$ cat final_25.txt   # compact mmCIF, N, CA and C atoms
# COMPACT_ATOMS: atom_id res chain seq x y z
N MET T 6 0.85 -1.18 0.00
CA MET T 6 0.00 0.00 0.00
C MET T 6 0.90 1.24 0.00
N SER T 7 0.62 2.16 -0.93
CA SER T 7 1.46 3.35 -1.04
C SER T 7 1.28 4.28 0.15
N GLY T 8 2.30 5.08 0.41
CA GLY T 8 2.26 6.04 1.49
C GLY T 8 2.47 5.46 2.87
N GLN T 9 2.85 4.19 2.95
CA GLN T 9 3.04 3.56 4.25
C GLN T 9 4.51 3.34 4.59
N GLN T 10 5.29 2.85 3.63
CA GLN T 10 6.69 2.53 3.89
C GLN T 10 7.57 3.64 3.35
N HIS T 11 8.14 4.43 4.25
CA HIS T 11 8.95 5.57 3.83
C HIS T 11 10.46 5.30 3.92
N GLU T 12 10.86 4.09 4.29
CA GLU T 12 12.26 3.78 4.49
C GLU T 12 12.56 2.34 4.09
N VAL T 13 13.72 2.14 3.46
CA VAL T 13 14.17 0.80 3.04
C VAL T 13 15.65 0.69 3.41
N THR T 14 16.07 -0.46 3.92
CA THR T 14 17.49 -0.71 4.18
C THR T 14 17.88 -2.03 3.55
N PHE T 15 18.93 -1.99 2.72
CA PHE T 15 19.52 -3.20 2.15
C PHE T 15 20.75 -3.52 2.99
N ARG T 16 20.96 -4.82 3.28
CA ARG T 16 22.16 -5.25 4.01
C ARG T 16 22.79 -6.43 3.28
N PHE T 17 24.11 -6.40 3.13
CA PHE T 17 24.84 -7.46 2.44
C PHE T 17 26.33 -7.29 2.72
N LEU T 18 27.11 -8.27 2.35
CA LEU T 18 28.57 -8.21 2.53
C LEU T 18 29.22 -7.68 1.26
N ALA T 19 30.22 -6.80 1.40
CA ALA T 19 31.02 -6.35 0.27
C ALA T 19 31.86 -7.53 -0.19
N GLN T 20 31.83 -7.80 -1.49
CA GLN T 20 32.49 -8.97 -2.05
C GLN T 20 33.71 -8.58 -2.89
N PRO T 21 34.58 -9.54 -3.16
CA PRO T 21 35.76 -9.26 -3.98
C PRO T 21 35.42 -8.68 -5.36
N THR T 22 34.29 -9.04 -5.91
CA THR T 22 33.90 -8.52 -7.23
C THR T 22 33.48 -7.05 -7.18
N ASP T 23 33.29 -6.49 -5.98
CA ASP T 23 32.85 -5.10 -5.81
C ASP T 23 34.00 -4.10 -5.72
N VAL T 24 35.24 -4.60 -5.62
CA VAL T 24 36.35 -3.70 -5.28
C VAL T 24 37.27 -3.42 -6.47
N ASN T 25 38.05 -2.34 -6.31
CA ASN T 25 39.02 -1.95 -7.33
C ASN T 25 40.39 -2.56 -6.98
N PHE T 26 41.42 -2.16 -7.72
CA PHE T 26 42.75 -2.72 -7.50
C PHE T 26 43.33 -2.34 -6.15
N GLY T 27 42.81 -1.31 -5.53
CA GLY T 27 43.27 -0.90 -4.21
C GLY T 27 42.58 -1.65 -3.08
N GLY T 28 41.64 -2.55 -3.43
CA GLY T 28 40.96 -3.34 -2.41
C GLY T 28 39.78 -2.64 -1.76
N LYS T 29 39.34 -1.54 -2.36
CA LYS T 29 38.20 -0.79 -1.82
C LYS T 29 37.06 -0.82 -2.83
N VAL T 30 35.83 -0.75 -2.35
CA VAL T 30 34.68 -0.79 -3.23
C VAL T 30 34.73 0.39 -4.20
N HIS T 31 34.46 0.10 -5.47
CA HIS T 31 34.37 1.14 -6.51
C HIS T 31 33.30 2.15 -6.13
N GLY T 32 33.54 3.42 -6.40
CA GLY T 32 32.52 4.44 -6.20
C GLY T 32 31.29 4.14 -7.03
N GLY T 33 31.49 3.62 -8.25
CA GLY T 33 30.37 3.27 -9.11
C GLY T 33 29.51 2.16 -8.53
N MET T 34 30.13 1.22 -7.83
CA MET T 34 29.37 0.14 -7.20
C MET T 34 28.52 0.71 -6.06
N ALA T 35 29.10 1.61 -5.27
CA ALA T 35 28.32 2.25 -4.19
C ALA T 35 27.15 3.03 -4.80
N MET T 36 27.39 3.69 -5.93
CA MET T 36 26.31 4.44 -6.58
C MET T 36 25.22 3.50 -7.09
N LYS T 37 25.59 2.33 -7.57
CA LYS T 37 24.59 1.34 -7.99
C LYS T 37 23.73 0.91 -6.80
N TRP T 38 24.38 0.63 -5.67
CA TRP T 38 23.62 0.24 -4.48
C TRP T 38 22.68 1.36 -4.04
N ILE T 39 23.17 2.59 -4.10
CA ILE T 39 22.36 3.75 -3.73
C ILE T 39 21.13 3.84 -4.63
N ASP T 40 21.32 3.67 -5.93
CA ASP T 40 20.21 3.76 -6.87
C ASP T 40 19.20 2.64 -6.63
N GLN T 41 19.68 1.44 -6.35
CA GLN T 41 18.78 0.31 -6.10
C GLN T 41 17.94 0.52 -4.84
N ALA T 42 18.59 0.94 -3.76
CA ALA T 42 17.85 1.17 -2.51
C ALA T 42 16.89 2.35 -2.67
N GLY T 43 17.35 3.41 -3.36
CA GLY T 43 16.47 4.55 -3.61
C GLY T 43 15.25 4.16 -4.41
N TYR T 44 15.45 3.36 -5.46
CA TYR T 44 14.34 2.90 -6.27
C TYR T 44 13.34 2.10 -5.42
N ALA T 45 13.84 1.17 -4.62
CA ALA T 45 12.96 0.35 -3.78
C ALA T 45 12.15 1.22 -2.83
N CYS T 46 12.79 2.21 -2.24
CA CYS T 46 12.10 3.11 -1.31
C CYS T 46 11.05 3.94 -2.04
N ALA T 47 11.40 4.49 -3.20
CA ALA T 47 10.47 5.32 -3.96
C ALA T 47 9.25 4.53 -4.40
N VAL T 48 9.46 3.30 -4.87
CA VAL T 48 8.34 2.45 -5.29
C VAL T 48 7.48 2.07 -4.08
N ALA T 49 8.13 1.74 -2.96
CA ALA T 49 7.38 1.38 -1.76
C ALA T 49 6.51 2.54 -1.29
N TRP T 50 7.01 3.77 -1.39
CA TRP T 50 6.24 4.93 -0.95
C TRP T 50 5.12 5.26 -1.94
N SER T 51 5.46 5.27 -3.22
CA SER T 51 4.51 5.76 -4.23
C SER T 51 3.54 4.69 -4.73
N GLY T 52 3.96 3.44 -4.69
CA GLY T 52 3.15 2.38 -5.27
C GLY T 52 3.17 2.40 -6.79
N ALA T 53 4.17 3.08 -7.38
CA ALA T 53 4.26 3.21 -8.84
C ALA T 53 5.68 2.94 -9.29
N TYR T 54 5.84 2.70 -10.59
CA TYR T 54 7.16 2.60 -11.18
C TYR T 54 7.82 3.97 -11.05
N CYS T 55 9.11 4.00 -10.73
CA CYS T 55 9.81 5.28 -10.51
C CYS T 55 11.12 5.31 -11.29
N VAL T 56 11.52 6.53 -11.65
CA VAL T 56 12.80 6.73 -12.32
C VAL T 56 13.62 7.75 -11.54
N THR T 57 14.94 7.59 -11.60
CA THR T 57 15.84 8.54 -10.96
C THR T 57 15.87 9.83 -11.77
N ALA T 58 15.63 10.95 -11.11
CA ALA T 58 15.66 12.25 -11.79
C ALA T 58 16.93 13.02 -11.45
N ALA T 59 17.46 12.85 -10.24
CA ALA T 59 18.65 13.59 -9.83
C ALA T 59 19.32 12.92 -8.64
N VAL T 60 20.62 13.14 -8.55
CA VAL T 60 21.41 12.74 -7.38
C VAL T 60 22.22 13.97 -7.00
N SER T 61 22.10 14.41 -5.75
CA SER T 61 22.77 15.64 -5.31
C SER T 61 23.65 15.38 -4.10
N GLY T 62 24.72 16.12 -4.03
CA GLY T 62 25.55 16.14 -2.83
C GLY T 62 26.17 14.82 -2.46
N ILE T 63 26.49 13.98 -3.46
CA ILE T 63 27.07 12.69 -3.11
C ILE T 63 28.46 12.90 -2.51
N GLN T 64 28.69 12.23 -1.40
CA GLN T 64 29.96 12.33 -0.69
C GLN T 64 30.50 10.93 -0.41
N PHE T 65 31.76 10.71 -0.77
CA PHE T 65 32.44 9.46 -0.44
C PHE T 65 33.32 9.77 0.76
N LEU T 66 32.90 9.32 1.93
CA LEU T 66 33.52 9.74 3.18
C LEU T 66 34.52 8.75 3.76
N ALA T 67 34.29 7.46 3.53
CA ALA T 67 35.16 6.43 4.08
C ALA T 67 35.12 5.22 3.15
N PRO T 68 36.20 4.47 3.08
CA PRO T 68 36.21 3.31 2.19
C PRO T 68 35.35 2.17 2.71
N ILE T 69 34.90 1.35 1.76
CA ILE T 69 34.22 0.09 2.07
C ILE T 69 35.16 -1.01 1.63
N LEU T 70 35.41 -1.97 2.51
CA LEU T 70 36.39 -3.02 2.26
C LEU T 70 35.71 -4.37 2.07
N ILE T 71 36.41 -5.28 1.42
CA ILE T 71 35.90 -6.65 1.26
C ILE T 71 35.54 -7.20 2.64
N GLY T 72 34.38 -7.80 2.75
CA GLY T 72 33.94 -8.41 4.00
C GLY T 72 33.20 -7.47 4.93
N ASP T 73 33.18 -6.17 4.62
CA ASP T 73 32.39 -5.25 5.44
C ASP T 73 30.91 -5.57 5.27
N LEU T 74 30.15 -5.43 6.34
CA LEU T 74 28.70 -5.51 6.26
C LEU T 74 28.22 -4.13 5.81
N VAL T 75 27.59 -4.09 4.66
CA VAL T 75 27.14 -2.83 4.08
C VAL T 75 25.64 -2.68 4.35
N ALA T 76 25.25 -1.50 4.81
CA ALA T 76 23.83 -1.17 4.99
C ALA T 76 23.54 0.10 4.19
N VAL T 77 22.64 -0.02 3.23
CA VAL T 77 22.25 1.12 2.40
C VAL T 77 20.83 1.50 2.82
N ARG T 78 20.70 2.67 3.44
CA ARG T 78 19.42 3.13 3.98
C ARG T 78 18.90 4.29 3.14
N ALA T 79 17.71 4.12 2.59
CA ALA T 79 17.06 5.18 1.81
C ALA T 79 15.75 5.52 2.51
N ARG T 80 15.49 6.84 2.64
CA ARG T 80 14.24 7.26 3.29
C ARG T 80 13.71 8.53 2.65
N VAL T 81 12.40 8.59 2.57
CA VAL T 81 11.73 9.76 2.01
C VAL T 81 11.93 10.93 2.95
N ILE T 82 12.33 12.10 2.37
CA ILE T 82 12.50 13.29 3.20
C ILE T 82 11.70 14.48 2.67
N HIS T 83 11.10 14.33 1.48
CA HIS T 83 10.25 15.39 0.94
C HIS T 83 9.50 14.84 -0.26
N THR T 84 8.26 15.27 -0.44
CA THR T 84 7.51 14.89 -1.64
C THR T 84 6.99 16.13 -2.33
N GLY T 85 6.93 16.04 -3.65
CA GLY T 85 6.27 17.04 -4.47
C GLY T 85 4.99 16.42 -5.01
N THR T 86 4.55 16.86 -6.15
CA THR T 86 3.34 16.29 -6.74
C THR T 86 3.58 14.86 -7.21
N SER T 87 4.66 14.67 -7.98
CA SER T 87 4.99 13.33 -8.48
C SER T 87 6.41 12.92 -8.12
N SER T 88 7.10 13.78 -7.40
CA SER T 88 8.51 13.51 -7.06
C SER T 88 8.68 13.19 -5.59
N MET T 89 9.76 12.47 -5.32
CA MET T 89 10.13 12.12 -3.95
C MET T 89 11.61 12.38 -3.78
N HIS T 90 11.97 13.10 -2.74
CA HIS T 90 13.37 13.33 -2.39
C HIS T 90 13.71 12.31 -1.30
N LEU T 91 14.85 11.65 -1.48
CA LEU T 91 15.27 10.61 -0.55
C LEU T 91 16.66 10.93 -0.02
N ALA T 92 16.87 10.74 1.26
CA ALA T 92 18.21 10.76 1.85
C ALA T 92 18.70 9.33 1.81
N VAL T 93 19.90 9.13 1.28
CA VAL T 93 20.47 7.79 1.20
C VAL T 93 21.84 7.80 1.88
N GLU T 94 22.04 6.84 2.76
CA GLU T 94 23.31 6.70 3.47
C GLU T 94 23.81 5.28 3.30
N VAL T 95 25.12 5.15 3.09
CA VAL T 95 25.76 3.84 3.02
C VAL T 95 26.70 3.72 4.21
N HIS T 96 26.42 2.76 5.07
CA HIS T 96 27.28 2.50 6.23
C HIS T 96 28.03 1.20 5.99
N ALA T 97 29.27 1.14 6.45
CA ALA T 97 30.09 -0.06 6.36
C ALA T 97 30.51 -0.45 7.77
N GLU T 98 30.37 -1.73 8.08
CA GLU T 98 30.74 -2.22 9.40
C GLU T 98 31.79 -3.32 9.29
N ASP T 99 32.86 -3.14 10.04
CA ASP T 99 33.87 -4.20 10.17
C ASP T 99 33.31 -5.18 11.19
N LEU T 100 32.95 -6.36 10.74
CA LEU T 100 32.30 -7.33 11.62
C LEU T 100 33.21 -7.84 12.73
N ARG T 101 34.52 -7.81 12.50
CA ARG T 101 35.44 -8.28 13.53
C ARG T 101 35.50 -7.33 14.71
N SER T 102 35.54 -6.03 14.42
CA SER T 102 35.65 -5.05 15.50
C SER T 102 34.30 -4.50 15.93
N GLY T 103 33.31 -4.62 15.04
CA GLY T 103 31.99 -4.06 15.33
C GLY T 103 31.89 -2.57 15.04
N ARG T 104 32.97 -1.98 14.52
CA ARG T 104 32.96 -0.54 14.22
C ARG T 104 32.25 -0.27 12.91
N SER T 105 31.34 0.69 12.96
CA SER T 105 30.59 1.10 11.78
C SER T 105 30.98 2.52 11.40
N ARG T 106 30.96 2.79 10.10
CA ARG T 106 31.30 4.14 9.63
C ARG T 106 30.37 4.52 8.48
N LEU T 107 30.09 5.81 8.40
CA LEU T 107 29.34 6.34 7.27
C LEU T 107 30.30 6.41 6.09
N ALA T 108 30.00 5.68 5.02
CA ALA T 108 30.89 5.62 3.87
C ALA T 108 30.49 6.59 2.77
N THR T 109 29.20 6.70 2.50
CA THR T 109 28.71 7.52 1.40
C THR T 109 27.34 8.05 1.77
N SER T 110 27.02 9.26 1.28
CA SER T 110 25.67 9.80 1.49
C SER T 110 25.31 10.71 0.32
N CYS T 111 24.01 10.88 0.10
CA CYS T 111 23.52 11.78 -0.94
C CYS T 111 22.03 12.00 -0.77
N VAL T 112 21.49 12.88 -1.60
CA VAL T 112 20.05 13.08 -1.71
C VAL T 112 19.68 12.75 -3.15
N MET T 113 18.63 11.97 -3.32
CA MET T 113 18.16 11.57 -4.64
C MET T 113 16.75 12.08 -4.86
N VAL T 114 16.39 12.27 -6.12
CA VAL T 114 15.03 12.62 -6.49
C VAL T 114 14.54 11.56 -7.47
N PHE T 115 13.39 10.98 -7.15
CA PHE T 115 12.73 10.02 -8.03
C PHE T 115 11.40 10.61 -8.46
N VAL T 116 10.95 10.25 -9.65
CA VAL T 116 9.64 10.65 -10.15
C VAL T 116 8.83 9.38 -10.39
N ALA T 117 7.60 9.38 -9.90
CA ALA T 117 6.68 8.25 -10.10
C ALA T 117 6.00 8.41 -11.46
N LEU T 118 5.90 7.29 -12.18
CA LEU T 118 5.26 7.30 -13.50
C LEU T 118 4.07 6.35 -13.51
N ASN T 119 3.02 6.72 -14.27
CA ASN T 119 1.87 5.84 -14.35
C ASN T 119 2.13 4.73 -15.36
N ALA T 120 1.36 3.65 -15.25
CA ALA T 120 1.59 2.46 -16.06
C ALA T 120 1.22 2.63 -17.54
N PRO T 121 0.09 3.20 -17.87
CA PRO T 121 -0.27 3.14 -19.29
C PRO T 121 0.63 3.96 -20.21
N ASP T 122 1.02 5.17 -19.82
CA ASP T 122 1.76 6.02 -20.76
C ASP T 122 3.07 6.58 -20.22
N GLY T 123 3.46 6.19 -19.01
CA GLY T 123 4.75 6.62 -18.47
C GLY T 123 4.84 8.09 -18.13
N GLN T 124 3.71 8.71 -17.85
CA GLN T 124 3.70 10.13 -17.48
C GLN T 124 3.77 10.25 -15.96
N PRO T 125 4.30 11.38 -15.45
CA PRO T 125 4.34 11.57 -14.00
C PRO T 125 2.96 11.40 -13.37
N THR T 126 2.96 10.75 -12.21
CA THR T 126 1.71 10.48 -11.50
C THR T 126 1.86 10.92 -10.05
N PRO T 127 0.79 11.39 -9.43
CA PRO T 127 0.89 11.88 -8.05
C PRO T 127 1.36 10.82 -7.06
N VAL T 128 2.08 11.30 -6.04
CA VAL T 128 2.55 10.43 -4.96
C VAL T 128 1.92 10.90 -3.65
N PRO T 129 1.79 10.01 -2.67
CA PRO T 129 1.27 10.43 -1.37
C PRO T 129 2.18 11.49 -0.74
N ALA T 130 1.58 12.45 -0.08
CA ALA T 130 2.35 13.49 0.61
C ALA T 130 3.06 12.88 1.82
N TRP T 131 4.28 13.33 2.06
CA TRP T 131 5.05 12.89 3.23
C TRP T 131 5.19 14.07 4.16
N THR T 132 5.02 13.82 5.46
CA THR T 132 5.15 14.86 6.48
C THR T 132 6.19 14.43 7.50
N PRO T 133 7.17 15.30 7.81
CA PRO T 133 8.16 14.94 8.83
C PRO T 133 7.48 14.64 10.16
N ARG T 134 8.03 13.65 10.87
CA ARG T 134 7.44 13.25 12.17
C ARG T 134 8.18 13.81 13.36
N ASP T 135 9.40 14.31 13.14
CA ASP T 135 10.17 14.85 14.26
C ASP T 135 11.15 15.90 13.74
N ALA T 136 11.91 16.48 14.65
CA ALA T 136 12.84 17.56 14.28
C ALA T 136 13.93 17.08 13.33
N ALA T 137 14.41 15.87 13.50
CA ALA T 137 15.46 15.34 12.62
C ALA T 137 14.94 15.20 11.19
N GLU T 138 13.72 14.69 11.05
CA GLU T 138 13.14 14.56 9.72
C GLU T 138 12.84 15.93 9.12
N ALA T 139 12.44 16.88 9.93
CA ALA T 139 12.19 18.24 9.44
C ALA T 139 13.50 18.87 8.93
N ALA T 140 14.60 18.60 9.62
CA ALA T 140 15.90 19.12 9.18
C ALA T 140 16.31 18.50 7.85
N LEU T 141 16.05 17.19 7.69
CA LEU T 141 16.35 16.55 6.41
C LEU T 141 15.49 17.12 5.29
N GLU T 142 14.24 17.41 5.58
CA GLU T 142 13.38 18.00 4.56
C GLU T 142 13.91 19.38 4.16
N GLN T 143 14.39 20.15 5.12
CA GLN T 143 14.96 21.46 4.81
C GLN T 143 16.19 21.33 3.91
N ARG T 144 16.99 20.29 4.14
CA ARG T 144 18.15 20.03 3.28
C ARG T 144 17.69 19.75 1.85
N ALA T 145 16.64 18.94 1.70
CA ALA T 145 16.10 18.64 0.37
C ALA T 145 15.60 19.90 -0.31
N LEU T 146 14.92 20.75 0.44
CA LEU T 146 14.39 21.98 -0.14
C LEU T 146 15.51 22.93 -0.56
N LYS T 147 16.60 22.99 0.21
CA LYS T 147 17.75 23.82 -0.17
C LYS T 147 18.38 23.32 -1.46
N LEU T 148 18.54 21.99 -1.57
CA LEU T 148 19.10 21.42 -2.80
C LEU T 148 18.19 21.68 -3.99
N LEU T 149 16.88 21.61 -3.78
CA LEU T 149 15.92 21.89 -4.85
C LEU T 149 16.03 23.35 -5.29
N ALA T 150 16.13 24.25 -4.34
CA ALA T 150 16.26 25.68 -4.67
C ALA T 150 17.56 25.95 -5.42
N MET T 151 18.66 25.29 -5.01
CA MET T 151 19.93 25.46 -5.71
C MET T 151 19.83 24.96 -7.15
N ALA T 152 19.20 23.80 -7.33
CA ALA T 152 19.06 23.25 -8.68
C ALA T 152 18.24 24.16 -9.57
N ARG T 153 17.20 24.73 -9.03
CA ARG T 153 16.35 25.63 -9.81
C ARG T 153 17.07 26.92 -10.16
N SER T 154 17.96 27.38 -9.30
CA SER T 154 18.68 28.63 -9.57
C SER T 154 19.73 28.45 -10.69
N VAL T 155 20.14 27.23 -10.93
CA VAL T 155 21.13 26.94 -11.97
C VAL T 155 20.48 26.82 -13.35
N GLU T 156 19.21 26.45 -13.38
CA GLU T 156 18.51 26.22 -14.66
C GLU T 156 18.42 27.44 -15.49

$ encode --input "final_25.txt" --output "structure tokens"
Amino acid sequence: MSGQQHEVTFRFLAQPTDVNFGGKVHGGMAMKWIDQAGYACAVAWSGAYCVTAAVSGIQFLAPILIGDLVAVRARVIHTGTSSMHLAVEVHAEDLRSGRSRLATSCVMVFVALNAPDGQPTPVPAWTPRDAAEAALEQRALKLLAMARSVE
């Protein structure tokens, strides 16, 4: 049911096929995971097929290593008529030490499309539930204003 699930988390182990010659996960692989989790979250919220419209403020903060437990968390932080802004964070945990670190973060925009003709379709409105969510929504609105000022 649309408008109910505003957050999705993927969890898996970083594998040897995910890394570059330096033994760290490729930035492109992290971006693929971000897009997949974002898509799942957008579809779960909207109940419609969704496409990525924008990725803003992506930051690669710490490396992800082979064997790290990776958690990719995507959550709705703002909705428009047919668009959804999502905060996405990638955390990496060294299972031996139990230490977790924020590896990558960004804000994404997805647009919901209707089935018959692929045109934008309305999404349920999202309302922040606490001060932390309100702050994330303000971040999304600032990024939206910056993008519009560049057009």

$ residues_around --input "final_25.txt" --residues "Asp99 of chain T" --least-positions-apart "3" --cutoff "6.5 Å" --atoms "all atoms listed in the file" --output "compact mmCIF listing (two decimals) with N, CA and C atoms, in the frame of the given file"
# COMPACT_ATOMS: atom_id res chain seq x y z
N GLY T 72 34.38 -7.80 2.75
CA GLY T 72 33.94 -8.41 4.00
C GLY T 72 33.20 -7.47 4.93
N ASP T 73 33.18 -6.17 4.62
CA ASP T 73 32.39 -5.25 5.44
C ASP T 73 30.91 -5.57 5.27
N LEU T 74 30.15 -5.43 6.34
CA LEU T 74 28.70 -5.51 6.26
C LEU T 74 28.22 -4.13 5.81
N SER T 102 35.54 -6.03 14.42
CA SER T 102 35.65 -5.05 15.50
C SER T 102 34.30 -4.50 15.93
N GLY T 103 33.31 -4.62 15.04
CA GLY T 103 31.99 -4.06 15.33
C GLY T 103 31.89 -2.57 15.04
N ARG T 104 32.97 -1.98 14.52
CA ARG T 104 32.96 -0.54 14.22
C ARG T 104 32.25 -0.27 12.91
N SER T 105 31.34 0.69 12.96
CA SER T 105 30.59 1.10 11.78
C SER T 105 30.98 2.52 11.40
N ARG T 106 30.96 2.79 10.10
CA ARG T 106 31.30 4.14 9.63
C ARG T 106 30.37 4.52 8.48

$ atom_distance --input "final_25.txt" --atom1 "atom CA of Leu148 of chain T" --atom2 "atom CA of Val116 of chain T"
16.1 Å

$ select_by_dssp --input "final_25.txt" --residues "segment 6-150 of chain T" --states "helix (DSSP H, G or I)" --output "ChimeraX atom specification"
/T:21-23,32-51,136-150

$ residues_around --input "final_25.txt" --residues "Met113 of chain T" --least-positions-apart "2" --cutoff "6.5 Å" --atoms "only N, CA and C atoms" --output "PDB file with N, CA and C atoms, keeping the file's coordinate frame"
ATOM      1  N   ALA T  58      15.630  10.950 -11.110  1.00  0.00           N
ATOM      2  CA  ALA T  58      15.660  12.250 -11.790  1.00  0.00           C
ATOM      3  C   ALA T  58      16.930  13.020 -11.450  1.00  0.00           C
ATOM      4  N   ALA T  59      17.460  12.850 -10.240  1.00  0.00           N
ATOM      5  CA  ALA T  59      18.650  13.590  -9.830  1.00  0.00           C
ATOM      6  C   ALA T  59      19.320  12.920  -8.640  1.00  0.00           C
ATOM      7  N   VAL T  60      20.620  13.140  -8.550  1.00  0.00           N
ATOM      8  CA  VAL T  60      21.410  12.740  -7.380  1.00  0.00           C
ATOM      9  C   VAL T  60      22.220  13.970  -7.000  1.00  0.00           C
ATOM     10  N   SER T  61      22.100  14.410  -5.750  1.00  0.00           N
ATOM     11  CA  SER T  61      22.770  15.640  -5.310  1.00  0.00           C
ATOM     12  C   SER T  61      23.650  15.380  -4.100  1.00  0.00           C
ATOM     13  N   MET T  89       9.760  12.470  -5.320  1.00  0.00           N
ATOM     14  CA  MET T  89      10.130  12.120  -3.950  1.00  0.00           C
ATOM     15  C   MET T  89      11.610  12.380  -3.780  1.00  0.00           C
ATOM     16  N   HIS T  90      11.970  13.100  -2.740  1.00  0.00           N
ATOM     17  CA  HIS T  90      13.370  13.330  -2.390  1.00  0.00           C
ATOM     18  C   HIS T  90      13.710  12.310  -1.300  1.00  0.00           C
ATOM     19  N   LEU T  91      14.850  11.650  -1.480  1.00  0.00           N
ATOM     20  CA  LEU T  91      15.270  10.610  -0.550  1.00  0.00           C
ATOM     21  C   LEU T  91      16.660  10.930  -0.020  1.00  0.00           C
ATOM     22  N   ALA T  92      16.870  10.740   1.260  1.00  0.00           N
ATOM     23  CA  ALA T  92      18.210  10.760   1.850  1.00  0.00           C
ATOM     24  C   ALA T  92      18.700   9.330   1.810  1.00  0.00           C
ATOM     25  N   VAL T  93      19.900   9.130   1.280  1.00  0.00           N
ATOM     26  CA  VAL T  93      20.470   7.790   1.200  1.00  0.00           C
ATOM     27  C   VAL T  93      21.840   7.800   1.880  1.00  0.00           C
ATOM     28  N   CYS T 111      24.010  10.880   0.100  1.00  0.00           N
ATOM     29  CA  CYS T 111      23.520  11.780  -0.940  1.00  0.00           C
ATOM     30  C   CYS T 111      22.030  12.000  -0.770  1.00  0.00           C
ATOM     31  N   PHE T 115      13.390  10.980  -7.150  1.00  0.00           N
ATOM     32  CA  PHE T 115      12.730  10.020  -8.030  1.00  0.00           C
ATOM     33  C   PHE T 115      11.400  10.610  -8.460  1.00  0.00           C
TER      34      PHE T 115
END

$ residues_around --input "final_25.txt" --residues "Glu94 of chain T" --least-positions-apart "4" --cutoff "7 Å" --atoms "all atoms listed in the file" --output "short mmCIF file (atom, residue, chain, number, x, y, z; two decimals) with N, CA and C atoms, in the frame of the given file"
data_model
loop_
_atom_site.label_atom_id
_atom_site.label_comp_id
_atom_site.auth_asym_id
_atom_site.auth_seq_id
_atom_site.Cartn_x
_atom_site.Cartn_y
_atom_site.Cartn_z
N ALA T 76 25.25 -1.50 4.81
CA ALA T 76 23.83 -1.17 4.99
C ALA T 76 23.54 0.10 4.19
N VAL T 77 22.64 -0.02 3.23
CA VAL T 77 22.25 1.12 2.40
C VAL T 77 20.83 1.50 2.82
N ARG T 78 20.70 2.67 3.44
CA ARG T 78 19.42 3.13 3.98
C ARG T 78 18.90 4.29 3.14
N ALA T 79 17.71 4.12 2.59
CA ALA T 79 17.06 5.18 1.81
C ALA T 79 15.75 5.52 2.51
N ARG T 80 15.49 6.84 2.64
CA ARG T 80 14.24 7.26 3.29
C ARG T 80 13.71 8.53 2.65
N LEU T 107 30.09 5.81 8.40
CA LEU T 107 29.34 6.34 7.27
C LEU T 107 30.30 6.41 6.09
N ALA T 108 30.00 5.68 5.02
CA ALA T 108 30.89 5.62 3.87
C ALA T 108 30.49 6.59 2.77
N THR T 109 29.20 6.70 2.50
CA THR T 109 28.71 7.52 1.40
C THR T 109 27.34 8.05 1.77
N SER T 110 27.02 9.26 1.28
CA SER T 110 25.67 9.80 1.49
C SER T 110 25.31 10.71 0.32
N CYS T 111 24.01 10.88 0.10
CA CYS T 111 23.52 11.78 -0.94
C CYS T 111 22.03 12.00 -0.77
#

$ closest_residue --input "final_25.txt" --among "T:Gln41, T:Ala145, T:Ile69, T:Trp131" --to "Val24 of chain T" --atoms "only C-alpha atoms"
T:Ile69

$ closest_residue --input "final_25.txt" --among "T:Glu98, T:Glu138, T:Leu70, T:Leu146" --to "Lys29 of chain T" --atoms "only N, CA and C atoms"
T:Leu70

$ closest_residue --input "final_25.txt" --among "T:Ile63, T:Val48, T:Val112, T:Ile71" --to "Gln20 of chain T" --atoms "all atoms listed in the file"
T:Ile71

$ atom_distance --input "final_25.txt" --atom1 "atom CA of Ile82 of chain T" --atom2 "atom CA of Phe15 of chain T"
18.0 Å

$ closest_residue --input "final_25.txt" --among "T:Val128, T:Ala120, T:Ala136, T:Met34" --to "Gly8 of chain T" --atoms "only N, CA and C atoms"
T:Val128

$ atom_distance --input "final_25.txt" --atom1 "atom N of Trp38 of chain T" --atom2 "atom C of Val95 of chain T"
10.6 Å

$ closest_residue --input "final_25.txt" --among "T:Arg153, T:His83, T:Lys37, T:His31" --to "Thr57 of chain T" --atoms "only C-alpha atoms"
T:Lys37

$ closest_residue --input "final_25.txt" --among "T:Phe17, T:Gly27, T:Gly62, T:Val81" --to "Cys46 of chain T" --atoms "all atoms listed in the file"
T:Val81

$ axis_aligned_box --input "final_25.txt" --around "segment 112-127 of chain T" --padding-each-side "6 Å" --output "AutoDock Vina command-line options"
--center_x 10.6 --center_y 7.8 --center_z -11.2 --size_x 33.8 --size_y 22.6 --size_z 31.2

$ select_by_dssp --input "final_25.txt" --residues "segment 20-133 of chain T" --states "strand (DSSP E or B)" --output "PyMOL selection string"
chain T and resi 24+29-30+54-65+70+74-84+88-98+105-118+125
